[in-house]
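Peer 1: First, the structure itself, so that you have it in front of you.
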Amino acid sequence: MNIQQTFPLNIFRAYDIRGKLSNLTPDIICSIAYALAQQYKYAEQTQIVIGYDARLTSPSYANIIQKVLEQQGLNVTNIGCCSSPMMYYIARDFGGNGIMVTASHNPKSDNGIKWILKGEPPSPEIIQQVGLAAQFASEKIGKNTDLQELSHHIIPEFCLKYQQSLLSDIQLLRPLKIVLDGLHGSAGHCAKQVLQNLGCEVIALRCEANGHFPDHAPDPSHAAHLQQLQATIIAEKADLGIALDGDGDRVVLLDEQAHIISPDRLISLFAQICLQQHPHKEIVFDVKCSRMVADTVGQLDGQAKMIRTGSSFLRAYLSKSQGTAVFGGEYAGHYVFNDGRGFGYDDGLYAALRVMEYLTQSNANSLSELLSIYPERYCTEDTYISTHEVNPKQVLDEIELLSQHLGARLSKIDGVRLDFDDGFGIIRASNTGEYFTVRFDADHPDRLTEIRQKFVSMLQHQYPQIAQELAQA
């Protein structure tokens with residue numbers, strides 16, 4: 001079987017490259033590097049930074065990419081083991097060009113690549129072009145790329161530059177006691193130093209990079225992954241808890257009672273923070289957010305804008321808004337400030353720092369008190385359901401057709417979202433795997449069950465496996 005037939009085009013997703021190591025082999029990484037070199041050269045960019053996450057293969061893969069780019073005449077600066085936000089920040093000094101070897105919150109069996117060109121993330125169309133160019137390159141290169149085992153290095157020069165940018169932005173009026181969970185990813189080490197330099201007392205959990213991820217995948221969006229953090233917040237009587245994902249672009253916050261703060265509530269708070277300083281501006285959020293967000297923005301006299309899911313789409317929208325949109329948030333935990341502070345990209349640590357700053361400047365005695373005006377919704381976490389090898393479009397078309405008699409407001413910005421007066425449900429094809437993501441939200445737990453059952457009923461006849469999995473999720 002030749003290389004063309006086995007080239008894994010499925011790893012070229014909607015907003016990054018990501019897949020299992022069995023697909024992302026050293027040879028494939030080499031091919032992708034050639035395709036990326038073409039991108040930068042076509043755009044007449046010559047300076048590029050490259051960083052990598054905690055995964056065991058990441059330093060080696062970064063080295064392969066660096067060698068290919070240098071062979072193609074590009075100047076590459078390896079900034080070592082870092083978070084994606086740190087790479088984005090350092091890339092500003094290199095024309096806004098950077099590559100990050102990371103699979104973010106995915107399991108340790110995966111790896112991937114994110115990149116920016118002149119400060120902008122690639123569009124889905126460009127990612128597909130890179131995939132085709134990499135496939136073409138693989139036919140020429142063949143199979144000869146060695147995988148050297150390289151260790152992870154944190155390079156103080158770059159870590160300190162990034163730290164300084166945060167320390168010069170954030171003003172805490174009083175020190176806070178923080179429990180920080182790095183989930184063994186690449187963001188914890190630097191985050192701990194930033195918090196300590198701000199005068200906070202920091203209890204650090206899993207803040208050293210460990211690509212074995214001995215507990216679970218570095219994904220803080222699953223409540224089960226936060227039990228150690230919750231127990232420590234209570235035991236230490238901390239002011240709040242911070243959990244960062246594998247590459248630090250997503251964050252989950254917990255209050256002093258160890259309650260997980262839902263993204264809906266957090267985006268509502270960020271809308272409040274930004275609209276106080278920038279009245280009537282736009283607040284952007286993705287299709288998985290509840291109507292609490294849009295209602296909050298409206299009550300604050302802001303402009304609510306719903307867009308498709310994907311942090312690169314969010315960043316691109318904000319950068320093209322020319323200052324009209326001052327904040328963007330995603331239900332997955334990506335938060336982007338565009339209010340004259342922050343840098344227009346998703347940084348989990350920076351989002352946490354903005355909450356901490358606002359808390360110390362408010363009259364609230366605790367984070368739970370600060371958030372009390374945004375009551376908790378009854379909702380499900382993001383739930384992943386196998387496509388069972390069915391074309392996702394067929395499933396979504398079926399739901400659209402059968403939903404017409406339900407009296408719901410239909411949105412097709414991304415997947416199928418049905419809004420009722422007292423809640424919503426959404427099903428969409430994932431951008432990062434062979435599955436659907438579904439979420440339900442309601443004013444009351446009984447209503448939550450009813451909305452979920454409506455989706456199960458619509459799928460029961462044509463797609464019983466998907467319906468059964470949805471009912472049990």
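Identifiers in the structure tokens: chain A, B, ... in order shown; residue index from 1 per chain; ligand index from 1 in order shown.
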Find the residues near A:Lys67: any atom within 12 Å, counting only C-alpha atoms, skip ones fewer than 4 places away on the same chain, and give them as a PDB file with all heavy atoms, in the first residue's frame.
Peer 2:
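And here's selection_1.pdb as it stands now:
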ATOM      1  N   ILE A  29       4.718  14.192  10.498  1.00  0.00           N
ATOM      2  CA  ILE A  29       5.129  15.490  11.065  1.00  0.00           C
ATOM      3  C   ILE A  29       6.079  16.201  10.109  1.00  0.00           C
ATOM      4  O   ILE A  29       5.959  17.410   9.852  1.00  0.00           O
ATOM      5  CB  ILE A  29       5.802  15.303  12.447  1.00  0.00           C
ATOM      6  CG1 ILE A  29       4.773  14.818  13.486  1.00  0.00           C
ATOM      7  CG2 ILE A  29       6.476  16.583  12.914  1.00  0.00           C
ATOM      8  CD1 ILE A  29       3.749  15.843  13.901  1.00  0.00           C
ATOM      9  N   CYS A  30       7.001  15.451   9.540  1.00  0.00           N
ATOM     10  CA  CYS A  30       7.958  16.005   8.578  1.00  0.00           C
ATOM     11  C   CYS A  30       7.220  16.565   7.349  1.00  0.00           C
ATOM     12  O   CYS A  30       7.520  17.674   6.888  1.00  0.00           O
ATOM     13  CB  CYS A  30       8.937  14.908   8.167  1.00  0.00           C
ATOM     14  SG  CYS A  30      10.314  15.481   7.160  1.00  0.00           S
ATOM     15  N   SER A  31       6.250  15.830   6.856  1.00  0.00           N
ATOM     16  CA  SER A  31       5.464  16.276   5.699  1.00  0.00           C
ATOM     17  C   SER A  31       4.692  17.556   6.022  1.00  0.00           C
ATOM     18  O   SER A  31       4.630  18.487   5.209  1.00  0.00           O
ATOM     19  CB  SER A  31       4.473  15.194   5.277  1.00  0.00           C
ATOM     20  OG  SER A  31       5.123  13.982   5.032  1.00  0.00           O
ATOM     21  N   ALA A  33       5.472  19.742   8.227  1.00  0.00           N
ATOM     22  CA  ALA A  33       6.445  20.831   8.354  1.00  0.00           C
ATOM     23  C   ALA A  33       6.776  21.444   6.989  1.00  0.00           C
ATOM     24  O   ALA A  33       6.888  22.671   6.855  1.00  0.00           O
ATOM     25  CB  ALA A  33       7.716  20.323   9.032  1.00  0.00           C
ATOM     26  N   TYR A  34       6.904  20.598   5.970  1.00  0.00           N
ATOM     27  CA  TYR A  34       7.139  21.117   4.614  1.00  0.00           C
ATOM     28  C   TYR A  34       5.969  21.979   4.158  1.00  0.00           C
ATOM     29  O   TYR A  34       6.144  23.046   3.562  1.00  0.00           O
ATOM     30  CB  TYR A  34       7.346  19.950   3.624  1.00  0.00           C
ATOM     31  CG  TYR A  34       8.762  19.448   3.559  1.00  0.00           C
ATOM     32  CD1 TYR A  34       9.147  18.292   4.224  1.00  0.00           C
ATOM     33  CD2 TYR A  34       9.740  20.143   2.831  1.00  0.00           C
ATOM     34  CE1 TYR A  34      10.457  17.827   4.191  1.00  0.00           C
ATOM     35  CE2 TYR A  34      11.057  19.690   2.783  1.00  0.00           C
ATOM     36  CZ  TYR A  34      11.408  18.531   3.470  1.00  0.00           C
ATOM     37  OH  TYR A  34      12.704  18.091   3.417  1.00  0.00           O
ATOM     38  N   ALA A  37       6.039  25.257   5.984  1.00  0.00           N
ATOM     39  CA  ALA A  37       7.115  26.109   5.442  1.00  0.00           C
ATOM     40  C   ALA A  37       6.642  26.833   4.191  1.00  0.00           C
ATOM     41  O   ALA A  37       6.908  28.029   3.999  1.00  0.00           O
ATOM     42  CB  ALA A  37       8.349  25.258   5.143  1.00  0.00           C
ATOM     43  N   ILE A  50       8.759  28.328  17.746  1.00  0.00           N
ATOM     44  CA  ILE A  50       8.115  27.026  17.919  1.00  0.00           C
ATOM     45  C   ILE A  50       8.188  26.635  19.384  1.00  0.00           C
ATOM     46  O   ILE A  50       9.234  26.776  20.025  1.00  0.00           O
ATOM     47  CB  ILE A  50       8.750  25.950  17.001  1.00  0.00           C
ATOM     48  CG1 ILE A  50       7.961  24.650  17.071  1.00  0.00           C
ATOM     49  CG2 ILE A  50      10.212  25.718  17.317  1.00  0.00           C
ATOM     50  CD1 ILE A  50       8.264  23.685  15.944  1.00  0.00           C
ATOM     51  N   SER A  60      10.456  16.203  20.476  1.00  0.00           N
ATOM     52  CA  SER A  60      11.016  15.576  19.274  1.00  0.00           C
ATOM     53  C   SER A  60      10.317  16.071  18.019  1.00  0.00           C
ATOM     54  O   SER A  60      10.959  16.364  17.001  1.00  0.00           O
ATOM     55  CB  SER A  60      10.894  14.056  19.362  1.00  0.00           C
ATOM     56  OG  SER A  60      11.468  13.577  20.558  1.00  0.00           O
ATOM     57  N   TYR A  61       8.996  16.195  18.091  1.00  0.00           N
ATOM     58  CA  TYR A  61       8.239  16.667  16.936  1.00  0.00           C
ATOM     59  C   TYR A  61       8.563  18.132  16.637  1.00  0.00           C
ATOM     60  O   TYR A  61       8.668  18.526  15.469  1.00  0.00           O
ATOM     61  CB  TYR A  61       6.732  16.488  17.182  1.00  0.00           C
ATOM     62  CG  TYR A  61       6.244  15.058  17.012  1.00  0.00           C
ATOM     63  CD1 TYR A  61       7.138  14.004  16.820  1.00  0.00           C
ATOM     64  CD2 TYR A  61       4.886  14.760  17.046  1.00  0.00           C
ATOM     65  CE1 TYR A  61       6.688  12.708  16.661  1.00  0.00           C
ATOM     66  CE2 TYR A  61       4.428  13.453  16.881  1.00  0.00           C
ATOM     67  CZ  TYR A  61       5.333  12.427  16.689  1.00  0.00           C
ATOM     68  OH  TYR A  61       4.897  11.137  16.521  1.00  0.00           O
ATOM     69  N   ALA A  62       8.738  18.922  17.696  1.00  0.00           N
ATOM     70  CA  ALA A  62       9.133  20.319  17.489  1.00  0.00           C
ATOM     71  C   ALA A  62      10.494  20.394  16.816  1.00  0.00           C
ATOM     72  O   ALA A  62      10.732  21.244  15.939  1.00  0.00           O
ATOM     73  CB  ALA A  62       9.156  21.056  18.826  1.00  0.00           C
ATOM     74  N   ASN A  63      11.388  19.496  17.184  1.00  0.00           N
ATOM     75  CA  ASN A  63      12.727  19.456  16.589  1.00  0.00           C
ATOM     76  C   ASN A  63      12.668  19.086  15.105  1.00  0.00           C
ATOM     77  O   ASN A  63      13.372  19.675  14.275  1.00  0.00           O
ATOM     78  CB  ASN A  63      13.587  18.438  17.358  1.00  0.00           C
ATOM     79  CG  ASN A  63      15.037  18.434  16.894  1.00  0.00           C
ATOM     80  OD1 ASN A  63      15.689  19.479  16.853  1.00  0.00           O
ATOM     81  ND2 ASN A  63      15.539  17.261  16.548  1.00  0.00           N
ATOM     82  N   GLN A  71      15.789  24.036   6.898  1.00  0.00           N
ATOM     83  CA  GLN A  71      16.228  23.564   5.575  1.00  0.00           C
ATOM     84  C   GLN A  71      15.567  24.361   4.459  1.00  0.00           C
ATOM     85  O   GLN A  71      16.137  24.542   3.376  1.00  0.00           O
ATOM     86  CB  GLN A  71      15.873  22.078   5.400  1.00  0.00           C
ATOM     87  CG  GLN A  71      16.747  21.121   6.193  1.00  0.00           C
ATOM     88  CD  GLN A  71      16.153  19.715   6.241  1.00  0.00           C
ATOM     89  OE1 GLN A  71      15.151  19.433   5.582  1.00  0.00           O
ATOM     90  NE2 GLN A  71      16.763  18.843   7.028  1.00  0.00           N
ATOM     91  N   GLN A  72      14.366  24.864   4.738  1.00  0.00           N
ATOM     92  CA  GLN A  72      13.612  25.652   3.747  1.00  0.00           C
ATOM     93  C   GLN A  72      13.967  27.146   3.817  1.00  0.00           C
ATOM     94  O   GLN A  72      13.295  27.972   3.187  1.00  0.00           O
ATOM     95  CB  GLN A  72      12.114  25.462   3.973  1.00  0.00           C
ATOM     96  CG  GLN A  72      11.636  24.030   3.721  1.00  0.00           C
ATOM     97  CD  GLN A  72      11.783  23.609   2.274  1.00  0.00           C
ATOM     98  OE1 GLN A  72      11.286  24.260   1.370  1.00  0.00           O
ATOM     99  NE2 GLN A  72      12.516  22.525   2.041  1.00  0.00           N
ATOM    100  N   GLY A  73      14.987  27.473   4.587  1.00  0.00           N
ATOM    101  CA  GLY A  73      15.480  28.852   4.616  1.00  0.00           C
ATOM    102  C   GLY A  73      14.815  29.766   5.625  1.00  0.00           C
ATOM    103  O   GLY A  73      15.008  30.991   5.582  1.00  0.00           O
ATOM    104  N   LEU A  74      14.032  29.209   6.550  1.00  0.00           N
ATOM    105  CA  LEU A  74      13.355  30.025   7.553  1.00  0.00           C
ATOM    106  C   LEU A  74      14.187  30.091   8.838  1.00  0.00           C
ATOM    107  O   LEU A  74      14.930  29.163   9.153  1.00  0.00           O
ATOM    108  CB  LEU A  74      11.967  29.452   7.855  1.00  0.00           C
ATOM    109  CG  LEU A  74      11.016  29.404   6.647  1.00  0.00           C
ATOM    110  CD1 LEU A  74       9.816  28.512   6.940  1.00  0.00           C
ATOM    111  CD2 LEU A  74      10.550  30.793   6.268  1.00  0.00           C
ATOM    112  N   ASN A  75      14.044  31.178   9.565  1.00  0.00           N
ATOM    113  CA  ASN A  75      14.745  31.340  10.844  1.00  0.00           C
ATOM    114  C   ASN A  75      13.806  30.935  11.974  1.00  0.00           C
ATOM    115  O   ASN A  75      12.749  31.542  12.150  1.00  0.00           O
ATOM    116  CB  ASN A  75      15.184  32.799  11.037  1.00  0.00           C
ATOM    117  CG  ASN A  75      16.141  33.247   9.961  1.00  0.00           C
ATOM    118  OD1 ASN A  75      17.102  32.551   9.655  1.00  0.00           O
ATOM    119  ND2 ASN A  75      15.864  34.390   9.349  1.00  0.00           N
ATOM    120  N   VAL A  76      14.212  29.924  12.731  1.00  0.00           N
ATOM    121  CA  VAL A  76      13.336  29.357  13.750  1.00  0.00           C
ATOM    122  C   VAL A  76      13.937  29.552  15.137  1.00  0.00           C
ATOM    123  O   VAL A  76      15.122  29.283  15.355  1.00  0.00           O
ATOM    124  CB  VAL A  76      13.095  27.852  13.499  1.00  0.00           C
ATOM    125  CG1 VAL A  76      12.145  27.276  14.554  1.00  0.00           C
ATOM    126  CG2 VAL A  76      12.531  27.628  12.102  1.00  0.00           C
ATOM    127  N   THR A  77      13.116  30.014  16.076  1.00  0.00           N
ATOM    128  CA  THR A  77      13.508  30.146  17.476  1.00  0.00           C
ATOM    129  C   THR A  77      12.684  29.181  18.299  1.00  0.00           C
ATOM    130  O   THR A  77      11.458  29.305  18.357  1.00  0.00           O
ATOM    131  CB  THR A  77      13.281  31.587  17.978  1.00  0.00           C
ATOM    132  OG1 THR A  77      14.022  32.485  17.163  1.00  0.00           O
ATOM    133  CG2 THR A  77      13.711  31.730  19.431  1.00  0.00           C
ATOM    134  N   ASN A  78      13.350  28.195  18.908  1.00  0.00           N
ATOM    135  CA  ASN A  78      12.657  27.210  19.734  1.00  0.00           C
ATOM    136  C   ASN A  78      12.533  27.772  21.148  1.00  0.00           C
ATOM    137  O   ASN A  78      13.530  28.049  21.799  1.00  0.00           O
ATOM    138  CB  ASN A  78      13.430  25.888  19.739  1.00  0.00           C
ATOM    139  CG  ASN A  78      12.634  24.741  20.346  1.00  0.00           C
ATOM    140  OD1 ASN A  78      11.950  24.913  21.357  1.00  0.00           O
ATOM    141  ND2 ASN A  78      12.728  23.576  19.738  1.00  0.00           N
ATOM    142  N   THR A 145      12.162   9.432   8.534  1.00  0.00           N
ATOM    143  CA  THR A 145      12.352  10.382   9.616  1.00  0.00           C
ATOM    144  C   THR A 145      12.572   9.644  10.927  1.00  0.00           C
ATOM    145  O   THR A 145      11.743   8.833  11.339  1.00  0.00           O
ATOM    146  CB  THR A 145      11.119  11.304   9.761  1.00  0.00           C
ATOM    147  OG1 THR A 145      10.782  11.811   8.472  1.00  0.00           O
ATOM    148  CG2 THR A 145      11.423  12.458  10.702  1.00  0.00           C
TER     149      THR A 145
END
Peer 1: Going by DSSP on the backbone, which residues of stretch 312-361 of chain A come out as strand (DSSP E or B)? List them as a list in words.
Peer 2: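 DSSP-assigned strand (DSSP E or B) residues in stretch 312-361 of chain A: Ala325, Val326, Phe327, Gly328, Gly329, Tyr335, Val336 and Phe337 of chain A.
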Peer 1: From the options A:Ile127, A:Ile64, A:Val49, A:Val416, which residue's atoms come nearest to A:Ile11, counting only C-alpha atoms?
Peer 2: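 Selected residue with least distance to A:Ile11: A:Ile127.
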Peer 1: Give the answer as one residue: which of A:Phe436, A:Gln66, A:Thr57, A:Asn97 has the shortest atom-to-atom distance to A:Lys41, using only C-alpha atoms?
Peer 2: A:Asn97
Peer 1: Can you tell me which residues surround stretch 194-205 of chain A at a distance of at most 6 Å, considering only C-alpha atoms, apart from same-chain residues fewer than 5 positions away, and format the answer as a compact mmCIF listing (two decimals) with C-alpha atoms, in the first residue's frame?
Peer 2:
# COMPACT_ATOMS: atom_id res chain seq x y z
CA GLN A 163 5.24 36.56 32.94
CA PRO A 175 -3.40 39.02 47.81
CA LEU A 176 -5.54 35.91 47.39
CA LYS A 177 -5.07 32.30 48.41
CA ILE A 178 -5.17 30.18 45.26
CA VAL A 179 -5.16 26.46 44.56
CA LEU A 180 -3.69 25.95 41.08
CA ASP A 181 -4.08 22.64 39.23
Peer 1: Tell me, as a short mmCIF file (atom, residue, chain, number, x, y, z; two decimals) with C-alpha atoms, in the first residue's frame, which residues lie within 9 Å of A:Leu24, counting only C-alpha atoms; anything in the same chain fewer than 3 positions away does not count.
Peer 2:
data_model
loop_
_atom_site.label_atom_id
_atom_site.label_comp_id
_atom_site.auth_asym_id
_atom_site.auth_seq_id
_atom_site.Cartn_x
_atom_site.Cartn_y
_atom_site.Cartn_z
CA PRO A 8 -4.26 10.55 7.39
CA ILE A 11 -6.19 14.73 11.32
CA ARG A 18 -4.81 16.70 15.86
CA GLY A 19 -4.87 12.92 15.99
CA LYS A 20 -3.52 9.70 17.43
CA LEU A 21 0.22 9.09 17.42
CA ASP A 27 7.21 11.05 8.78
CA ILE A 28 3.80 12.72 8.80
CA ILE A 29 5.13 15.49 11.07
CA ASP A 110 -2.65 11.97 20.77
CA ASN A 111 -0.60 14.89 19.55
CA GLY A 112 -1.16 17.81 17.21
#
Peer 1: For A:Tyr335, list every protein, DNA or RNA residue within 8 Å, evaluated using only C-alpha atoms, and leave out those in the same chain fewer than 2 positions away; present the list as a list of chain:residue names.
Peer 2: A:Arg250, A:Ile267, A:Phe327, A:Gly328, A:Gly329, A:Glu330, A:Gly333, A:Phe337, A:Tyr345, A:Asp346, A:Asp347, A:Gly348, A:Ala351
Peer 1: Go ahead and save the picked residues with all heavy atoms, as an mmCIF file, in the first residue's frame.
Peer 2:
data_model
loop_
_atom_site.group_PDB
_atom_site.id
_atom_site.type_symbol
_atom_site.label_atom_id
_atom_site.label_comp_id
_atom_site.auth_asym_id
_atom_site.auth_seq_id
_atom_site.Cartn_x
_atom_site.Cartn_y
_atom_site.Cartn_z
ATOM 1 N N ARG A 250 -7.258 26.996 27.920
ATOM 2 C CA ARG A 250 -8.579 26.893 28.541
ATOM 3 C C ARG A 250 -8.436 26.878 30.057
ATOM 4 O O ARG A 250 -7.419 26.428 30.589
ATOM 5 C CB ARG A 250 -9.292 25.608 28.109
ATOM 6 C CG ARG A 250 -9.622 25.563 26.636
ATOM 7 C CD ARG A 250 -10.661 24.509 26.344
ATOM 8 N NE ARG A 250 -10.254 23.191 26.787
ATOM 9 C CZ ARG A 250 -11.098 22.213 27.135
ATOM 10 N NH1 ARG A 250 -12.391 22.412 27.127
ATOM 11 N NH2 ARG A 250 -10.636 21.038 27.496
ATOM 12 N N ILE A 267 -18.804 33.703 31.549
ATOM 13 C CA ILE A 267 -18.914 34.623 30.403
ATOM 14 C C ILE A 267 -19.811 35.801 30.771
ATOM 15 O O ILE A 267 -19.540 36.946 30.384
ATOM 16 C CB ILE A 267 -19.436 33.879 29.151
ATOM 17 C CG1 ILE A 267 -18.400 32.858 28.673
ATOM 18 C CG2 ILE A 267 -19.744 34.864 28.014
ATOM 19 C CD1 ILE A 267 -18.903 31.901 27.604
ATOM 20 N N PHE A 327 -15.086 41.323 23.984
ATOM 21 C CA PHE A 327 -14.819 40.052 24.671
ATOM 22 C C PHE A 327 -15.490 38.917 23.916
ATOM 23 O O PHE A 327 -16.567 39.087 23.342
ATOM 24 C CB PHE A 327 -15.346 40.074 26.120
ATOM 25 C CG PHE A 327 -15.202 38.748 26.812
ATOM 26 C CD1 PHE A 327 -13.976 38.370 27.334
ATOM 27 C CD2 PHE A 327 -16.269 37.860 26.889
ATOM 28 C CE1 PHE A 327 -13.819 37.114 27.923
ATOM 29 C CE2 PHE A 327 -16.123 36.610 27.472
ATOM 30 C CZ PHE A 327 -14.892 36.244 28.000
ATOM 31 N N GLY A 328 -14.845 37.749 23.951
ATOM 32 C CA GLY A 328 -15.439 36.548 23.375
ATOM 33 C C GLY A 328 -15.204 35.355 24.278
ATOM 34 O O GLY A 328 -14.110 35.204 24.831
ATOM 35 N N GLY A 329 -16.221 34.525 24.441
ATOM 36 C CA GLY A 329 -16.074 33.342 25.276
ATOM 37 C C GLY A 329 -16.714 32.129 24.649
ATOM 38 O O GLY A 329 -17.668 32.240 23.877
ATOM 39 N N GLU A 330 -16.155 30.969 24.984
ATOM 40 C CA GLU A 330 -16.681 29.693 24.490
ATOM 41 C C GLU A 330 -17.067 28.810 25.662
ATOM 42 O O GLU A 330 -16.377 28.803 26.686
ATOM 43 C CB GLU A 330 -15.601 28.950 23.697
ATOM 44 C CG GLU A 330 -15.581 29.244 22.242
ATOM 45 C CD GLU A 330 -14.918 28.103 21.500
ATOM 46 O OE1 GLU A 330 -13.859 27.615 21.922
ATOM 47 O OE2 GLU A 330 -15.489 27.688 20.500
ATOM 48 N N GLY A 333 -14.463 26.790 27.552
ATOM 49 C CA GLY A 333 -13.503 27.374 28.492
ATOM 50 C C GLY A 333 -12.452 28.247 27.854
ATOM 51 O O GLY A 333 -11.437 28.564 28.482
ATOM 52 N N PHE A 337 -10.009 38.335 25.589
ATOM 53 C CA PHE A 337 -10.246 39.756 25.856
ATOM 54 C C PHE A 337 -9.743 40.591 24.688
ATOM 55 O O PHE A 337 -8.645 40.369 24.182
ATOM 56 C CB PHE A 337 -9.539 40.175 27.144
ATOM 57 C CG PHE A 337 -10.198 39.634 28.384
ATOM 58 C CD1 PHE A 337 -9.908 38.355 28.828
ATOM 59 C CD2 PHE A 337 -11.125 40.385 29.075
ATOM 60 C CE1 PHE A 337 -10.531 37.833 29.951
ATOM 61 C CE2 PHE A 337 -11.752 39.882 30.205
ATOM 62 C CZ PHE A 337 -11.453 38.604 30.647
ATOM 63 N N TYR A 345 -6.049 36.772 22.254
ATOM 64 C CA TYR A 345 -6.047 35.313 22.107
ATOM 65 C C TYR A 345 -6.485 34.681 23.425
ATOM 66 O O TYR A 345 -6.542 35.351 24.467
ATOM 67 C CB TYR A 345 -4.672 34.782 21.669
ATOM 68 C CG TYR A 345 -3.517 35.251 22.527
ATOM 69 C CD1 TYR A 345 -3.299 34.734 23.802
ATOM 70 C CD2 TYR A 345 -2.629 36.211 22.056
ATOM 71 C CE1 TYR A 345 -2.235 35.166 24.578
ATOM 72 C CE2 TYR A 345 -1.565 36.651 22.829
ATOM 73 C CZ TYR A 345 -1.379 36.116 24.095
ATOM 74 O OH TYR A 345 -0.331 36.550 24.872
ATOM 75 N N ASP A 346 -6.807 33.410 23.378
ATOM 76 C CA ASP A 346 -7.316 32.709 24.554
ATOM 77 C C ASP A 346 -6.168 32.282 25.462
ATOM 78 O O ASP A 346 -5.289 31.544 25.055
ATOM 79 C CB ASP A 346 -8.174 31.502 24.145
ATOM 80 C CG ASP A 346 -7.661 30.779 22.908
ATOM 81 O OD1 ASP A 346 -6.847 31.358 22.163
ATOM 82 O OD2 ASP A 346 -8.077 29.631 22.675
ATOM 83 N N ASP A 347 -6.220 32.772 26.692
ATOM 84 C CA ASP A 347 -5.206 32.465 27.699
ATOM 85 C C ASP A 347 -5.938 32.176 29.001
ATOM 86 O O ASP A 347 -6.502 33.078 29.617
ATOM 87 C CB ASP A 347 -4.252 33.654 27.858
ATOM 88 C CG ASP A 347 -3.106 33.377 28.828
ATOM 89 O OD1 ASP A 347 -3.236 32.447 29.645
ATOM 90 O OD2 ASP A 347 -2.087 34.093 28.772
ATOM 91 N N GLY A 348 -5.926 30.904 29.415
ATOM 92 C CA GLY A 348 -6.647 30.506 30.613
ATOM 93 C C GLY A 348 -6.181 31.232 31.857
ATOM 94 O O GLY A 348 -6.990 31.663 32.683
ATOM 95 N N ALA A 351 -7.398 34.906 31.873
ATOM 96 C CA ALA A 351 -8.817 34.986 32.218
ATOM 97 C C ALA A 351 -9.007 34.856 33.726
ATOM 98 O O ALA A 351 -9.787 35.610 34.335
ATOM 99 C CB ALA A 351 -9.595 33.902 31.482
#
Peer 1: A:Val287: which residues within 7 Å, counting only C-alpha atoms, same-chain residues fewer than 6 positions away excluded, as a ChimeraX atom specification?
Peer 2: /A:306-309,414
Peer 1: Could you jot down the atom CA of A:Glu389 to atom CA of A:Ser311 separation for me, Å, one decimal place?
Peer 2: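 Here the two named atoms are 26.3 Å from each other.
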Peer 1: If I take atom CA of A:Ile90 and atom CA of A:Pro220, how far is one from the other in Å, to one decimal?
Peer 2: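 Value for the atom CA of A:Ile90-atom CA of A:Pro220 distance: 25.2 Å.
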Peer 1: What's the 10 Å shell around A:Gly342, counting only C-alpha atoms, without same-chain residues fewer than 5 positions away, as a PyMOL selection string?
Peer 2: chain A and resi 165-166+169-170+336-337+347+350-351+354
Peer 1: For the residues in that selection, give me C-alpha atoms as a PDB file, in the first residue's frame.
Peer 2:
ATOM      1  CA  SER A 165       3.391  40.948  30.302  1.00  0.00           C
ATOM      2  CA  LEU A 166       0.822  39.562  32.761  1.00  0.00           C
ATOM      3  CA  ASP A 169      -1.367  44.232  33.214  1.00  0.00           C
ATOM      4  CA  ILE A 170      -3.002  42.859  36.386  1.00  0.00           C
ATOM      5  CA  VAL A 336     -10.554  36.115  24.787  1.00  0.00           C
ATOM      6  CA  PHE A 337     -10.246  39.756  25.856  1.00  0.00           C
ATOM      7  CA  ASP A 347      -5.206  32.465  27.699  1.00  0.00           C
ATOM      8  CA  TYR A 350      -5.055  35.619  31.990  1.00  0.00           C
ATOM      9  CA  ALA A 351      -8.817  34.986  32.218  1.00  0.00           C
ATOM     10  CA  ARG A 354      -8.998  39.164  35.330  1.00  0.00           C
TER      11      ARG A 354
END
